[in-house]
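input35.cif follows (mmCIF, C-alpha atoms):
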data_protein
#
loop_
_atom_site.label_atom_id
_atom_site.label_comp_id
_atom_site.auth_asym_id
_atom_site.auth_seq_id
_atom_site.Cartn_x
_atom_site.Cartn_y
_atom_site.Cartn_z
CA MET A 19 78.72 31.07 -66.29
CA ASN A 20 81.31 29.24 -64.40
CA GLY A 21 80.78 25.96 -62.54
CA LYS A 22 80.84 27.48 -59.02
CA ARG A 23 78.07 29.90 -59.77
CA SER A 24 76.01 27.15 -61.35
CA ARG A 25 76.24 25.07 -58.19
CA LEU A 26 75.09 28.04 -56.08
CA ILE A 27 72.07 28.56 -58.31
CA ILE A 28 71.21 24.88 -58.06
CA VAL A 29 71.54 24.95 -54.23
CA ALA A 30 69.41 28.09 -54.01
CA ALA A 31 66.77 26.58 -56.21
CA ALA A 32 66.77 23.43 -54.17
CA GLY A 33 66.49 25.45 -50.97
CA THR A 34 63.59 27.45 -52.37
CA LEU A 35 61.82 24.26 -53.46
CA THR A 36 62.38 22.67 -50.06
CA LEU A 37 61.08 25.77 -48.29
CA ALA A 38 57.98 25.86 -50.47
CA THR A 39 57.32 22.21 -49.69
CA ALA A 40 57.66 22.87 -45.96
CA ILE A 41 55.32 25.83 -46.21
CA SER A 42 52.65 23.70 -47.88
CA ALA A 43 53.00 20.98 -45.25
CA ALA A 44 52.84 23.48 -42.38
CA ALA A 45 49.80 25.24 -43.83
CA ALA A 46 48.00 21.92 -44.13
CA THR A 47 48.40 21.25 -40.37
CA LEU A 48 46.89 24.59 -39.30
CA PRO A 49 43.08 24.92 -38.90
CA ALA A 50 41.29 26.53 -41.83
CA GLY A 51 40.45 30.18 -41.35
CA SER A 52 42.49 30.56 -38.14
CA VAL A 53 44.32 33.83 -37.50
CA ALA A 54 47.52 32.03 -36.65
CA GLY A 55 47.30 30.00 -39.85
CA ALA A 56 46.76 33.08 -41.99
CA ALA A 57 49.61 34.96 -40.33
CA ASP A 58 52.00 32.03 -40.68
CA ALA A 59 51.04 31.51 -44.31
CA HIS A 60 51.62 35.20 -45.00
CA MET A 61 54.99 35.11 -43.27
CA LEU A 62 56.07 32.01 -45.12
CA THR A 63 54.94 33.45 -48.43
CA GLN A 64 57.05 36.51 -47.76
CA THR A 65 59.98 34.25 -47.02
CA VAL A 66 59.57 32.46 -50.34
CA HIS A 67 59.90 35.70 -52.26
CA VAL A 68 63.06 36.75 -50.48
CA ASP A 69 65.41 35.74 -53.22
CA THR A 70 68.19 38.09 -52.34
CA LEU A 71 69.52 35.84 -49.57
CA SER A 72 72.42 33.60 -49.99
CA PRO A 73 71.84 29.85 -49.99
CA ALA A 74 73.22 29.54 -46.48
CA GLN A 75 71.00 32.38 -45.24
CA ARG A 76 68.01 30.79 -46.89
CA LEU A 77 68.67 27.52 -45.13
CA VAL A 78 68.83 29.32 -41.77
CA SER A 79 65.64 31.17 -42.61
CA PHE A 80 63.93 27.89 -43.51
CA ASP A 81 64.95 26.27 -40.22
CA THR A 82 63.71 29.28 -38.25
CA THR A 83 60.40 29.29 -40.09
CA ARG A 84 59.92 25.56 -39.57
CA TYR A 85 60.63 25.95 -35.85
CA GLY A 86 58.06 28.79 -35.57
CA VAL A 87 55.38 26.70 -37.28
CA ALA A 88 56.09 23.83 -34.90
CA GLN A 89 55.75 26.16 -31.92
CA ARG A 90 52.42 27.47 -33.20
CA GLN A 91 51.16 23.96 -33.81
CA THR A 92 52.10 23.03 -30.24
CA SER A 93 50.35 26.13 -28.89
CA TYR A 94 47.19 25.29 -30.86
CA GLU A 95 47.17 21.70 -29.59
CA SER A 96 47.67 22.94 -26.01
CA ALA A 97 44.78 25.42 -26.38
CA ALA A 98 42.57 22.68 -27.81
CA ALA A 99 43.46 20.39 -24.88
CA ASN A 100 42.72 23.16 -22.38
CA ALA A 101 39.35 23.79 -24.05
CA ALA A 102 38.50 20.08 -23.83
CA VAL A 103 39.44 20.01 -20.14
CA ALA A 104 37.32 23.11 -19.47
CA LYS A 105 34.36 21.59 -21.33
CA ALA A 106 34.63 18.34 -19.36
CA ALA A 107 34.83 20.32 -16.10
CA ALA A 108 31.73 22.33 -17.06
CA GLN A 109 29.83 19.14 -17.91
CA LYS A 110 30.87 17.57 -14.61
CA ALA A 111 29.75 20.68 -12.67
CA ALA A 112 26.40 20.68 -14.50
CA ALA A 113 25.90 16.99 -13.70
CA GLN A 114 26.73 17.58 -10.04
CA LYS A 115 24.32 20.52 -9.92
CA ALA A 116 21.52 18.43 -11.48
CA ALA A 117 22.17 15.59 -9.02
CA ALA A 118 22.09 18.00 -6.09
CA ALA A 119 18.81 19.51 -7.32
CA LYS A 120 17.29 16.03 -7.72
CA ALA A 121 18.40 15.02 -4.21
CA ALA A 122 16.96 18.24 -2.76
CA ALA A 123 13.63 17.64 -4.54
CA ALA A 124 13.47 14.06 -3.22
CA LYS A 125 14.25 15.28 0.30
CA ALA A 126 11.54 17.94 0.08
CA ALA A 127 9.00 15.39 -1.18
CA ALA A 128 9.85 13.00 1.67
CA ALA A 129 9.48 15.81 4.20
CA LYS A 130 6.12 16.79 2.73
CA ALA A 131 4.86 13.19 2.87
CA ALA A 132 6.04 12.83 6.47
CA ALA A 133 4.26 16.05 7.43
CA ALA A 134 1.04 14.89 5.77
CA LYS A 135 1.22 11.54 7.57
CA ALA A 136 1.82 13.24 10.92
CA ALA A 137 -1.13 15.58 10.32
CA ALA A 138 -3.41 12.65 9.47
CA GLN A 139 -2.35 10.77 12.59
CA GLN A 140 -2.94 13.85 14.74
CA ALA A 141 -6.39 14.38 13.20
CA ALA A 142 -7.29 10.73 13.86
CA GLN A 143 -6.11 11.01 17.45
CA GLU A 144 -8.12 14.19 17.97
CA GLN A 145 -11.24 12.59 16.50
CA ALA A 146 -10.81 9.53 18.72
CA ALA A 147 -10.37 11.79 21.74
CA GLN A 148 -13.52 13.73 20.85
CA GLN A 149 -15.52 10.52 20.48
CA GLN A 150 -14.22 9.23 23.80
CA ALA A 151 -15.08 12.52 25.51
CA ALA A 152 -18.60 12.42 24.03
CA GLN A 153 -19.09 8.86 25.25
CA GLN A 154 -17.86 9.78 28.72
CA GLN A 155 -20.16 12.78 28.81
CA ALA A 156 -23.13 10.69 27.73
CA ALA A 157 -22.29 8.10 30.40
CA GLN A 158 -22.07 10.82 33.05
CA GLN A 159 -25.41 12.26 32.01
CA THR A 160 -26.99 8.82 32.14
CA THR A 161 -25.54 8.25 35.58
CA ALA A 162 -26.69 11.66 36.78
CA GLN A 163 -30.29 11.02 35.76
CA PRO A 164 -32.26 9.49 38.64
CA ALA A 165 -33.64 6.06 37.98
CA THR A 166 -37.40 5.90 37.64
CA SER A 167 -38.74 4.53 40.85
CA ALA A 168 -41.09 1.58 40.67
CA PRO A 169 -44.67 2.47 41.54
CA SER A 170 -45.68 1.44 45.02
CA GLY A 171 -48.65 1.58 47.32
CA SER A 172 -52.12 0.20 46.89
CA PRO A 173 -53.24 -1.05 43.46
CA GLN A 174 -55.17 2.22 42.97
CA GLN A 175 -52.09 4.28 43.83
CA ILE A 176 -49.92 2.21 41.51
CA ALA A 177 -52.41 2.65 38.66
CA GLU A 178 -52.62 6.40 39.21
CA GLN A 179 -48.79 6.66 39.12
CA MET A 180 -48.64 4.70 35.85
CA LEU A 181 -51.11 6.91 33.94
CA SER A 182 -48.37 9.34 32.87
CA GLN A 183 -46.29 6.49 31.38
CA PHE A 184 -49.07 6.01 28.81
CA GLY A 185 -49.46 9.72 28.13
CA TRP A 186 -52.63 10.25 30.18
CA SER A 187 -53.38 12.86 32.79
CA SER A 188 -54.43 12.01 36.31
CA SER A 189 -58.03 12.88 35.39
CA GLN A 190 -58.29 9.52 33.60
CA PHE A 191 -58.11 7.81 36.96
CA SER A 192 -61.70 8.96 37.63
CA CYS A 193 -62.78 6.56 34.84
CA LEU A 194 -60.26 3.80 35.56
CA GLN A 195 -61.18 3.55 39.21
CA PRO A 196 -64.87 2.58 38.71
CA LEU A 197 -64.00 0.41 35.66
CA TRP A 198 -61.75 -1.97 37.55
CA ALA A 199 -63.80 -1.70 40.75
CA LEU A 200 -66.69 -3.15 38.76
CA GLU A 201 -64.56 -5.80 37.02
CA SER A 202 -62.47 -7.12 39.94
CA GLY A 203 -62.80 -4.84 42.94
CA TRP A 204 -59.07 -4.11 42.36
CA ASN A 205 -58.30 -7.62 43.64
CA ILE A 206 -55.15 -9.13 42.12
CA TYR A 207 -56.51 -12.63 42.68
CA ALA A 208 -60.00 -12.00 41.38
CA SER A 209 -61.10 -14.87 39.12
CA ASN A 210 -64.29 -15.28 37.06
CA PRO A 211 -65.30 -18.94 37.35
CA SER A 212 -67.49 -18.87 34.26
CA SER A 213 -65.14 -17.09 31.82
CA GLY A 214 -61.74 -17.68 33.40
CA ALA A 215 -60.88 -13.95 33.47
CA TYR A 216 -58.24 -13.17 36.08
CA GLY A 217 -56.67 -10.33 38.04
CA ILE A 218 -57.41 -6.63 38.44
CA PRO A 219 -58.04 -5.99 34.72
CA GLN A 220 -59.79 -9.37 34.31
CA ALA A 221 -57.54 -10.59 31.50
CA LEU A 222 -59.09 -13.41 29.49
CA PRO A 223 -57.32 -15.72 29.85
CA GLY A 224 -55.20 -14.52 32.72
CA SER A 225 -52.03 -15.91 31.12
CA LYS A 226 -52.09 -13.01 28.64
CA MET A 227 -50.61 -10.85 31.40
CA ALA A 228 -47.37 -12.88 31.19
CA SER A 229 -46.33 -10.48 28.42
CA ALA A 230 -46.01 -7.77 31.12
CA GLY A 231 -44.01 -9.95 33.53
CA PRO A 232 -43.58 -13.46 34.82
CA ASP A 233 -45.15 -12.53 38.19
CA TRP A 234 -48.53 -11.69 36.61
CA GLN A 235 -50.46 -13.97 38.93
CA GLY A 236 -49.63 -12.12 42.17
CA ASP A 237 -48.11 -8.70 41.34
CA ALA A 238 -50.42 -5.67 41.12
CA ALA A 239 -47.99 -3.53 39.09
CA THR A 240 -47.60 -6.24 36.44
CA GLN A 241 -51.34 -6.70 36.12
CA ILE A 242 -52.03 -2.94 36.00
CA ARG A 243 -49.30 -2.38 33.39
CA TRP A 244 -50.84 -5.04 31.18
CA GLY A 245 -54.37 -3.69 31.78
CA LEU A 246 -53.44 -0.10 30.86
CA SER A 247 -51.66 -1.33 27.73
CA TYR A 248 -54.78 -3.27 26.74
CA ILE A 249 -56.99 -0.20 27.29
CA GLN A 250 -54.67 2.01 25.26
CA GLY A 251 -54.55 -0.41 22.34
CA THR A 252 -58.29 -1.18 22.33
CA TYR A 253 -60.02 2.03 23.42
CA GLY A 254 -57.41 4.73 23.58
CA SER A 255 -58.04 5.84 27.16
CA PRO A 256 -59.58 4.66 30.45
CA CYS A 257 -62.56 7.03 30.01
CA ALA A 258 -63.30 5.53 26.57
CA ALA A 259 -63.12 2.04 28.06
CA TRP A 260 -65.44 3.10 30.90
CA SER A 261 -67.95 4.46 28.41
CA HIS A 262 -67.97 1.09 26.63
CA GLU A 263 -68.38 -0.69 29.95
CA GLU A 264 -71.36 1.45 30.85
CA ALA A 265 -72.98 0.92 27.46
CA ASP A 266 -72.33 -2.81 26.93
CA GLY A 267 -71.47 -4.16 30.39
CA TRP A 268 -68.00 -5.25 29.41
CA TYR A 269 -64.84 -3.78 27.98
#

Whole structure given in structure tokens:
Amino acid sequence: MNGKRSRLIIVAAAGTLTLATAISAAAATLPAGSVAGAADAHMLTQTVHVDTLSPAQRLVSFDTTRYGVAQRQTSYESAAANAAVAKAAAQKAAAQKAAAAKAAAAKAAAAKAAAAKAAAQQAAQEQAAQQQAAQQQAAQQTTAQPATSAPSGSPQQIAEQMLSQFGWSSSQFSCLQPLWALESGWNIYASNPSSGAYGIPQALPGSKMASAGPDWQGDAATQIRWGLSYIQGTYGSPCAAWSHEEADGWY
């Protein structure tokens, strides 16, 4: 073998070794299991076994292969960057959607609370209006009712008018009339000098009739009101008091 051929063999061997080293380095930069990585590794492996090329051709082939690997690496990095951007955009959109949903829920809750407050205020106003209307109606009814007229006339007439206020019928007057005729003669100033009894019902003492009114000494209605109250509490009715008067001489 001459010296020129030996140098060519050495150059070819060096080129093959350099190409194999570049293939290993390029394969290490590609993701495991990727289609591009497998295809590139296959292509580079095929290139290694092409031993029919001249040293110069092998150098050109090595440069071309190295350039293709670099392009694929750049494409992979660009795809990874695009995927990261898309993921960040999706996360941002999801966050915006969640914020919008939260704001809408808060707005709906505030509207519901405002509606409930307005309904409560309206109910309170309606209740107050109903109470006011009821009070006005009661006041009108009270005003419409005629005031009870004070009994008037003679002492006998006043007494007969008062019987119904104590729940008695007018027939009781037939017993009341002789009872007080016997006691005082229906005289508002009648006074018993021995006992001190005074007035139409002969109250003993006369000052007891002050419970019916301050004018007990000279007002027939006051004296009769007190006398009828005394009869009701002691005997139950004028006829019962008259029966006691007839039997015992006093009532």

With the PyMOL selection byres ((chain A and resi 181-191) around 8) as the selection, what would be picked from this file? Answer as JSON, numbers by chain, please. {"A": [177, 178, 179, 180, 192, 193, 194, 195, 246, 247, 250, 255, 256, 257]}

Please write as a list of chain:residue names the list of polymer residues whose atoms come within 7 Å of (-58.9, -18.8, 28.0), counting only C-alpha atoms and keeping to the coordinates of the file.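 In the file's frame, the residues around the point are A:Gly214, A:Leu222, A:Pro223.
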
Size and centre in Å, one decimal, axis-aligned box, all listed range 204-213 of chain A atoms plus 4 Å per side, as AutoDock Vina command-line options:
--center_x -61.3 --center_y -11.5 --center_z 37.7 --size_x 20.3 --size_y 22.8 --size_z 19.8

Length of the CA of Glu263 in chain A to CA of Pro219 in chain A vector [Å]: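 According to the coordinates, CA of Glu263 in chain A and CA of Pro219 in chain A are separated by 12.6 Å.
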
What is the CA of Gly171 in chain A-CA of Ala238 in chain A distance in Å, reported with one decimal?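 CA of Gly171 in chain A sits 9.7 Å away from CA of Ala238 in chain A.
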
Could you jot down the CA of Ala168 in chain A to CA of Leu197 in chain A separation for me, Å, one decimal place? 23.5 Å

I'd like to see the residues matched by the PyMOL selection byres ((chain A and resi 237) around 12) on this file, and ideally I'd get them as a PDB file with C-alpha atoms, keeping the file's coordinate frame.
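Contents of the output file result25.pdb:
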ATOM      1  CA  PRO A 169     -44.670   2.470  41.540  1.00  0.00           C
ATOM      2  CA  SER A 170     -45.680   1.440  45.020  1.00  0.00           C
ATOM      3  CA  GLY A 171     -48.650   1.580  47.320  1.00  0.00           C
ATOM      4  CA  SER A 172     -52.120   0.200  46.890  1.00  0.00           C
ATOM      5  CA  PRO A 173     -53.240  -1.050  43.460  1.00  0.00           C
ATOM      6  CA  ILE A 176     -49.920   2.210  41.510  1.00  0.00           C
ATOM      7  CA  TRP A 204     -59.070  -4.110  42.360  1.00  0.00           C
ATOM      8  CA  ASN A 205     -58.300  -7.620  43.640  1.00  0.00           C
ATOM      9  CA  ILE A 206     -55.150  -9.130  42.120  1.00  0.00           C
ATOM     10  CA  TYR A 207     -56.510 -12.630  42.680  1.00  0.00           C
ATOM     11  CA  GLY A 217     -56.670 -10.330  38.040  1.00  0.00           C
ATOM     12  CA  ILE A 218     -57.410  -6.630  38.440  1.00  0.00           C
ATOM     13  CA  MET A 227     -50.610 -10.850  31.400  1.00  0.00           C
ATOM     14  CA  ALA A 228     -47.370 -12.880  31.190  1.00  0.00           C
ATOM     15  CA  ALA A 230     -46.010  -7.770  31.120  1.00  0.00           C
ATOM     16  CA  GLY A 231     -44.010  -9.950  33.530  1.00  0.00           C
ATOM     17  CA  PRO A 232     -43.580 -13.460  34.820  1.00  0.00           C
ATOM     18  CA  ASP A 233     -45.150 -12.530  38.190  1.00  0.00           C
ATOM     19  CA  TRP A 234     -48.530 -11.690  36.610  1.00  0.00           C
ATOM     20  CA  GLN A 235     -50.460 -13.970  38.930  1.00  0.00           C
ATOM     21  CA  GLY A 236     -49.630 -12.120  42.170  1.00  0.00           C
ATOM     22  CA  ALA A 238     -50.420  -5.670  41.120  1.00  0.00           C
ATOM     23  CA  ALA A 239     -47.990  -3.530  39.090  1.00  0.00           C
ATOM     24  CA  THR A 240     -47.600  -6.240  36.440  1.00  0.00           C
ATOM     25  CA  GLN A 241     -51.340  -6.700  36.120  1.00  0.00           C
ATOM     26  CA  ILE A 242     -52.030  -2.940  36.000  1.00  0.00           C
ATOM     27  CA  ARG A 243     -49.300  -2.380  33.390  1.00  0.00           C
ATOM     28  CA  TRP A 244     -50.840  -5.040  31.180  1.00  0.00           C
TER      29      TRP A 244
END
